[in-house]
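Structure data follow from coords38.cif (mmCIF, C-alpha atoms and all ligand atoms):
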```
data_upload
#
loop_
_atom_site.label_atom_id
_atom_site.label_comp_id
_atom_site.auth_asym_id
_atom_site.auth_seq_id
_atom_site.Cartn_x
_atom_site.Cartn_y
_atom_site.Cartn_z
CA MET A 45 0.00 0.00 0.00
CA SER A 46 1.45 3.36 -0.91
CA VAL A 47 1.48 6.06 1.74
CA PRO A 48 1.86 9.84 1.28
CA PHE A 49 4.55 10.06 3.96
CA VAL A 50 5.99 8.38 7.04
CA VAL A 51 6.19 10.17 10.40
CA VAL A 52 9.21 9.83 12.70
CA SER A 53 9.02 11.56 16.07
CA ASP A 54 11.52 11.96 18.83
CA PHE A 55 10.18 11.08 22.29
CA ASP A 56 11.91 13.07 25.06
CA GLY A 57 11.01 16.75 25.00
CA THR A 58 8.95 16.21 21.85
CA ILE A 59 6.12 13.79 22.68
CA THR A 60 6.75 14.44 26.38
CA GLN A 61 6.93 18.08 27.50
CA HIS A 62 10.22 17.46 29.30
CA ASP A 63 13.19 15.25 28.57
CA MET A 64 12.62 12.18 30.74
CA VAL A 65 16.21 10.96 30.38
CA VAL A 66 17.31 14.22 32.00
CA ALA A 67 14.47 14.13 34.56
CA LEU A 68 15.21 10.56 35.66
CA THR A 69 19.00 10.60 35.68
CA CYS A 70 19.18 13.97 37.48
CA GLN A 71 16.50 12.93 39.98
CA VAL A 72 18.60 9.91 40.96
CA ASN A 73 21.90 11.80 40.92
CA ALA A 74 21.94 15.62 40.82
CA ASP A 75 25.59 15.60 39.65
CA ASN A 76 24.34 14.33 36.28
CA ARG A 77 23.20 17.88 35.44
CA ALA A 78 26.78 18.84 34.51
CA LEU A 79 26.96 15.85 32.17
CA VAL A 80 23.66 16.85 30.53
CA ASP A 81 25.02 20.36 29.93
CA ARG A 82 28.12 18.94 28.27
CA ILE A 83 25.95 16.74 26.00
CA ASN A 84 23.82 19.74 25.00
CA ARG A 85 26.94 21.78 24.23
CA ARG A 86 28.02 18.81 22.08
CA GLU A 87 31.27 18.44 24.03
CA LEU A 88 30.40 14.77 24.57
CA ASP A 89 28.95 12.54 21.88
CA LEU A 90 25.59 11.03 22.72
CA LYS A 91 26.69 7.46 23.10
CA THR A 92 29.41 8.39 25.58
CA GLY A 93 27.13 10.82 27.41
CA LEU A 94 24.14 8.48 27.71
CA SER A 95 26.32 5.58 28.89
CA ALA A 96 27.82 7.82 31.57
CA LEU A 97 24.38 9.00 32.74
CA PHE A 98 22.87 5.52 33.05
CA GLU A 99 26.00 4.05 34.65
CA THR A 100 25.01 6.08 37.73
CA LEU A 101 21.61 4.32 38.07
CA PRO A 102 21.54 1.13 40.17
CA SER A 103 19.66 -1.67 38.37
CA GLU A 104 17.87 -2.81 41.51
CA ASP A 105 15.73 0.36 41.58
CA ARG A 106 14.06 -0.34 38.24
CA SER A 107 10.49 -0.31 39.57
CA ALA A 108 11.08 3.03 41.34
CA TYR A 109 12.30 4.49 38.02
CA GLU A 110 9.20 3.20 36.24
CA THR A 111 6.90 4.71 38.85
CA PHE A 112 8.74 8.03 38.65
CA LEU A 113 8.51 8.12 34.83
CA ALA A 114 4.81 7.24 34.73
CA GLU A 115 4.02 9.96 37.28
CA ALA A 116 6.38 12.71 36.10
CA ALA A 117 5.82 12.56 32.33
CA THR A 118 3.34 14.92 30.69
CA PHE A 119 2.39 14.74 27.03
CA ARG A 120 2.77 17.65 24.63
CA SER A 121 -0.60 19.10 23.75
CA GLY A 122 -2.34 17.41 20.82
CA TYR A 123 -0.25 14.23 20.88
CA HIS A 124 -3.07 11.72 21.41
CA GLN A 125 -5.23 13.28 18.71
CA PHE A 126 -2.21 13.38 16.36
CA GLN A 127 -1.59 9.69 16.89
CA ARG A 128 -5.27 8.82 16.28
CA VAL A 129 -5.42 10.79 13.03
CA LEU A 130 -2.28 9.09 11.68
CA SER A 131 -3.59 5.68 12.68
CA ASP A 132 -7.00 6.32 11.03
CA ALA A 133 -5.25 7.50 7.86
CA HIS A 134 -2.94 4.42 7.87
CA ILE A 135 0.14 6.62 7.92
CA PRO A 136 3.15 4.79 9.39
CA PHE A 137 4.24 6.42 12.65
CA TYR A 138 7.48 5.63 14.46
CA ILE A 139 8.64 6.92 17.82
CA VAL A 140 12.43 6.95 17.57
CA SER A 141 14.21 7.61 20.84
CA ASN A 142 17.79 7.79 22.00
CA GLY A 143 16.39 6.94 25.44
CA LEU A 144 15.85 3.42 26.71
CA ASP A 145 13.02 1.01 25.93
CA PHE A 146 11.84 0.63 29.54
CA MET A 147 11.37 4.41 29.75
CA LEU A 148 9.08 4.54 26.71
CA ASP A 149 7.10 1.58 28.01
CA ALA A 150 6.71 3.18 31.46
CA VAL A 151 5.30 6.39 29.96
CA LEU A 152 3.32 5.03 26.99
CA GLY A 153 2.10 1.77 28.52
CA PRO A 154 1.97 -1.54 26.68
CA LYS A 155 2.24 -1.38 22.92
CA THR A 156 -1.10 -1.55 21.10
CA GLU A 157 -1.94 -2.87 17.64
CA HIS A 158 -2.70 0.57 16.19
CA GLY A 159 -0.20 2.55 18.26
CA PRO A 160 3.11 3.82 16.89
CA GLU A 161 6.13 1.56 16.48
CA ARG A 162 8.85 2.18 19.08
CA ILE A 163 12.53 2.23 18.16
CA SER A 164 15.00 2.86 20.99
CA ASN A 165 18.05 1.57 22.80
CA HIS A 166 17.66 -1.50 25.00
CA ALA A 167 18.27 -1.23 28.77
CA ARG A 168 19.85 -4.16 30.59
CA PHE A 169 19.36 -4.64 34.31
CA ASP A 170 21.59 -7.71 34.72
CA THR A 171 24.57 -5.71 35.98
CA GLU A 172 24.88 -3.53 39.09
CA HIS A 173 24.07 -0.38 37.14
CA ILE A 174 21.95 0.03 34.00
CA ALA A 175 23.82 -0.99 30.84
CA ILE A 176 22.73 -0.15 27.29
CA ASP A 177 22.55 -2.32 24.17
CA TRP A 178 22.99 -0.12 21.11
CA ASP A 179 20.94 -1.85 18.44
CA TYR A 180 21.07 0.95 15.83
CA PRO A 181 24.75 1.97 15.46
CA CYS A 182 25.87 4.71 13.09
CA GLN A 183 26.71 3.87 9.53
CA PRO A 184 28.24 6.12 6.87
CA PRO A 185 27.43 8.72 5.68
CA CYS A 186 26.30 9.60 9.23
CA PRO A 187 29.15 11.55 10.87
CA GLY A 188 28.78 9.24 13.92
CA GLY A 189 28.38 9.49 17.69
CA CYS A 190 24.58 9.17 17.67
CA GLY A 191 24.06 6.26 20.06
CA LEU A 192 20.85 5.35 18.32
CA CYS A 193 21.43 6.53 14.76
CA LYS A 194 18.39 8.50 13.61
CA HIS A 195 20.19 9.09 10.31
CA LYS A 196 20.18 5.33 9.69
CA VAL A 197 16.56 4.99 10.85
CA VAL A 198 15.30 7.77 8.55
CA SER A 199 17.16 6.26 5.61
CA GLU A 200 15.80 2.75 6.26
CA LEU A 201 12.19 3.89 6.75
CA ARG A 202 12.23 5.93 3.55
CA ASP A 203 13.38 2.83 1.65
CA ARG A 204 10.96 0.50 3.42
CA HIS A 205 7.88 2.63 2.72
CA HIS A 206 9.00 4.28 -0.55
CA ALA A 207 7.72 7.55 0.89
CA PRO A 208 9.11 10.85 2.18
CA VAL A 209 9.95 11.05 5.88
CA VAL A 210 8.49 13.76 8.11
CA PHE A 211 10.72 14.24 11.16
CA ILE A 212 9.66 15.86 14.45
CA GLY A 213 12.18 16.68 17.17
CA ASP A 214 13.59 19.05 19.73
CA GLY A 215 17.21 18.33 20.50
CA VAL A 216 20.78 17.35 19.82
CA THR A 217 19.78 13.68 19.39
CA ASP A 218 17.74 14.69 16.34
CA VAL A 219 20.27 16.62 14.28
CA ASN A 220 21.59 13.79 12.08
CA GLY A 221 18.08 12.44 11.40
CA ALA A 222 16.59 15.85 10.70
CA ARG A 223 19.29 16.70 8.16
CA LEU A 224 18.32 13.66 6.09
CA ALA A 225 14.52 13.90 6.45
CA ASP A 226 12.28 15.32 3.72
CA ARG A 227 10.38 17.63 6.02
CA VAL A 228 11.29 18.72 9.57
CA PHE A 229 9.27 20.12 12.46
CA ALA A 230 11.63 21.48 15.09
CA ARG A 231 11.59 23.27 18.40
CA SER A 232 14.10 24.19 21.11
CA HIS A 233 17.75 23.14 20.60
CA LEU A 234 17.05 21.36 17.32
CA ALA A 235 15.58 24.53 15.81
CA GLN A 236 18.74 26.42 16.84
CA TYR A 237 21.08 23.81 15.35
CA LEU A 238 19.15 23.75 12.07
CA GLU A 239 19.12 27.52 12.00
CA GLU A 240 22.91 27.58 12.41
CA SER A 241 23.42 25.02 9.65
CA ASP A 242 20.93 26.65 7.25
CA THR A 243 18.64 23.62 7.19
CA ALA A 244 14.96 24.30 6.42
CA TYR A 245 12.40 23.42 9.12
CA THR A 246 8.93 24.36 10.34
CA PRO A 247 8.76 25.54 13.96
CA PHE A 248 6.07 23.97 16.16
CA ASP A 249 4.85 24.13 19.71
CA THR A 250 2.05 21.54 19.88
CA PHE A 251 1.09 18.46 17.85
CA ASP A 252 -1.98 20.40 16.71
CA ASP A 253 0.44 22.71 14.87
CA VAL A 254 2.11 19.73 13.17
CA LEU A 255 -1.20 18.13 12.24
CA ALA A 256 -2.54 21.34 10.73
CA ALA A 257 0.64 21.91 8.69
CA LEU A 258 0.81 18.32 7.44
CA PHE A 259 -2.78 17.97 6.38
CA GLN A 260 -3.01 21.41 4.87
CA SER A 261 -0.25 20.66 2.38
CA THR A 262 -0.88 16.99 1.65
CA GLU A 263 -4.00 15.27 0.40
CA VAL A 264 -4.54 12.23 2.59
CA HIS A 265 -7.14 9.61 1.85
CA ALA A 266 -7.86 7.40 4.81
MG MG A 301 14.33 15.08 22.48
ZN ZN A 302 24.48 8.26 13.39
#
```
Show me this structure written as structure tokens.
Amino acid sequence: MSVPFVVVSDFDGTITQHDMVVALTCQVNADNRALVDRINRRELDLKTGLSALFETLPSEDRSAYETFLAEAATFRSGYHQFQRVLSDAHIPFYIVSNGLDFMLDAVLGPKTEHGPERISNHARFDTEHIAIDWDYPCQPPCPGGCGLCKHKVVSELRDRHHAPVVFIGDGVTDVNGARLADRVFARSHLAQYLEESDTAYTPFDTFDDVLAALFQSTEVHA
């Protein structure tokens, strides 16, 4: 079945109002704030930075982390409606996160048949502190250092669906994916980075904004 486009959205700070990786790791250990600042200034690559953050979280407290995430996360306005419209229109929707799978599951709940696909790193709790399996490593021409390579994911999804990729994001984890995508909705740090590198994007605040922009410019037949 041919589709007009595929939607890829970041999770932390995009679907959720706040970055839950930052919220969780700094809640457990306030010293992590300095590490987060270094990641945002791009002094540390993401893979190195994320490993360092999660290495400070004892595995045995997993259920406390899940409770914290479920209670602390708030959704960006319009998200649930956005997801329903895409599902009704049979438009493929992927949540692509450089966070960890157990975090998405804690916030979003169990995966449903019509809900978005989830692509993220895999958390392991079989060592004293949380370890990360990186299932989507960088491949050329991505400049590298992604952790989870959104560049690779965008490229694969465009090939799989033979359709343009719409990318939605807010931060440093999104830069390599956004540069490759066919259309970008950006806010916060991502908007600044794209501005600095002269990459075209549409600013957004809520998912209602994204929905209106997408369906105004594209004929979609459900
Ligand atoms: Mg983000
Ligand atoms: Zn990459």
Considering all atoms listed in the file, return as a PDB file with C-alpha atoms, keeping the file's coordinate frame whatever protein or nucleic-acid residues lie within 12 Å of A:Arg77, sequence-local ones (same chain, fewer than 5 positions apart) excluded.
```pdb
ATOM      1  CA  VAL A  65      16.210  10.960  30.380  1.00  0.00           C
ATOM      2  CA  VAL A  66      17.310  14.220  32.000  1.00  0.00           C
ATOM      3  CA  ALA A  67      14.470  14.130  34.560  1.00  0.00           C
ATOM      4  CA  LEU A  68      15.210  10.560  35.660  1.00  0.00           C
ATOM      5  CA  THR A  69      19.000  10.600  35.680  1.00  0.00           C
ATOM      6  CA  CYS A  70      19.180  13.970  37.480  1.00  0.00           C
ATOM      7  CA  GLN A  71      16.500  12.930  39.980  1.00  0.00           C
ATOM      8  CA  VAL A  72      18.600   9.910  40.960  1.00  0.00           C
ATOM      9  CA  ARG A  82      28.120  18.940  28.270  1.00  0.00           C
ATOM     10  CA  ILE A  83      25.950  16.740  26.000  1.00  0.00           C
ATOM     11  CA  ASN A  84      23.820  19.740  25.000  1.00  0.00           C
ATOM     12  CA  GLY A  93      27.130  10.820  27.410  1.00  0.00           C
ATOM     13  CA  ALA A  96      27.820   7.820  31.570  1.00  0.00           C
ATOM     14  CA  LEU A  97      24.380   9.000  32.740  1.00  0.00           C
TER      15      LEU A  97
END
```
>> For ligand MG 301 (chain A), return the neighbouring residues as a list in words (distance at most 8 Å; all atoms listed in the file).
In response: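 Counting all atoms listed in the file, the residues within 8 Å of ligand MG 301 (chain A) come out as Asp54, Phe55, Asp56, Gly57, Thr58, Asp63, Ser141, Gly213, Asp214, Gly215, Val216, Thr217 and Asp218 of chain A.
Distances from A:Phe248, A:Phe98, A:Phe137, A:Tyr123 to A:Val210 were compared using only C-alpha atoms, and the smallest one belongs to A:Phe137.
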> Which polymer residues have any atom within 8 Å of an atom of A:Ala222, counting all atoms listed in the file, with same-chain residues fewer than 5 positions away left out, as a PyMOL selection string?
Replying inline: chain A and resi 195+211-213+227-228
> Within 9 Å of ligand ZN 302 (chain A), counting all atoms listed in the file, which protein or nucleic acid residues do you find, written as an MDAnalysis selection string?
Replying inline: chainID A and resid 180:197 220:221
Could you give me, as a PDB file with C-alpha atoms, in the coordinates of the input, the residues within 9 Å of stretch 251-262 of chain A, counting only C-alpha atoms and dropping anything in the same chain fewer than 2 positions from it?
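That gives us selection-v1.pdb:
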```pdb
ATOM      1  CA  PRO A  48       1.860   9.840   1.280  1.00  0.00           C
ATOM      2  CA  ILE A  59       6.120  13.790  22.680  1.00  0.00           C
ATOM      3  CA  ARG A 120       2.770  17.650  24.630  1.00  0.00           C
ATOM      4  CA  SER A 121      -0.600  19.100  23.750  1.00  0.00           C
ATOM      5  CA  GLY A 122      -2.340  17.410  20.820  1.00  0.00           C
ATOM      6  CA  TYR A 123      -0.250  14.230  20.880  1.00  0.00           C
ATOM      7  CA  HIS A 124      -3.070  11.720  21.410  1.00  0.00           C
ATOM      8  CA  GLN A 125      -5.230  13.280  18.710  1.00  0.00           C
ATOM      9  CA  PHE A 126      -2.210  13.380  16.360  1.00  0.00           C
ATOM     10  CA  VAL A 129      -5.420  10.790  13.030  1.00  0.00           C
ATOM     11  CA  VAL A 210       8.490  13.760   8.110  1.00  0.00           C
ATOM     12  CA  ILE A 212       9.660  15.860  14.450  1.00  0.00           C
ATOM     13  CA  PHE A 229       9.270  20.120  12.460  1.00  0.00           C
ATOM     14  CA  THR A 246       8.930  24.360  10.340  1.00  0.00           C
ATOM     15  CA  PRO A 247       8.760  25.540  13.960  1.00  0.00           C
ATOM     16  CA  PHE A 248       6.070  23.970  16.160  1.00  0.00           C
ATOM     17  CA  ASP A 249       4.850  24.130  19.710  1.00  0.00           C
ATOM     18  CA  VAL A 264      -4.540  12.230   2.590  1.00  0.00           C
TER      19      VAL A 264
END
```
> atom CA of A:Tyr109 and atom CA of A:Asp75, how far apart in Å?
Replying inline: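 Atom-to-atom, atom CA of A:Asp75 to atom CA of A:Tyr109, that is 17.4 Å.
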> Using only C-alpha atoms, which residue out of A:Trp178, A:Tyr138, A:Tyr237, A:Phe112 lies closest to A:Val198?
Replying inline: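 Of all the options, A:Tyr138 lies closest to A:Val198.
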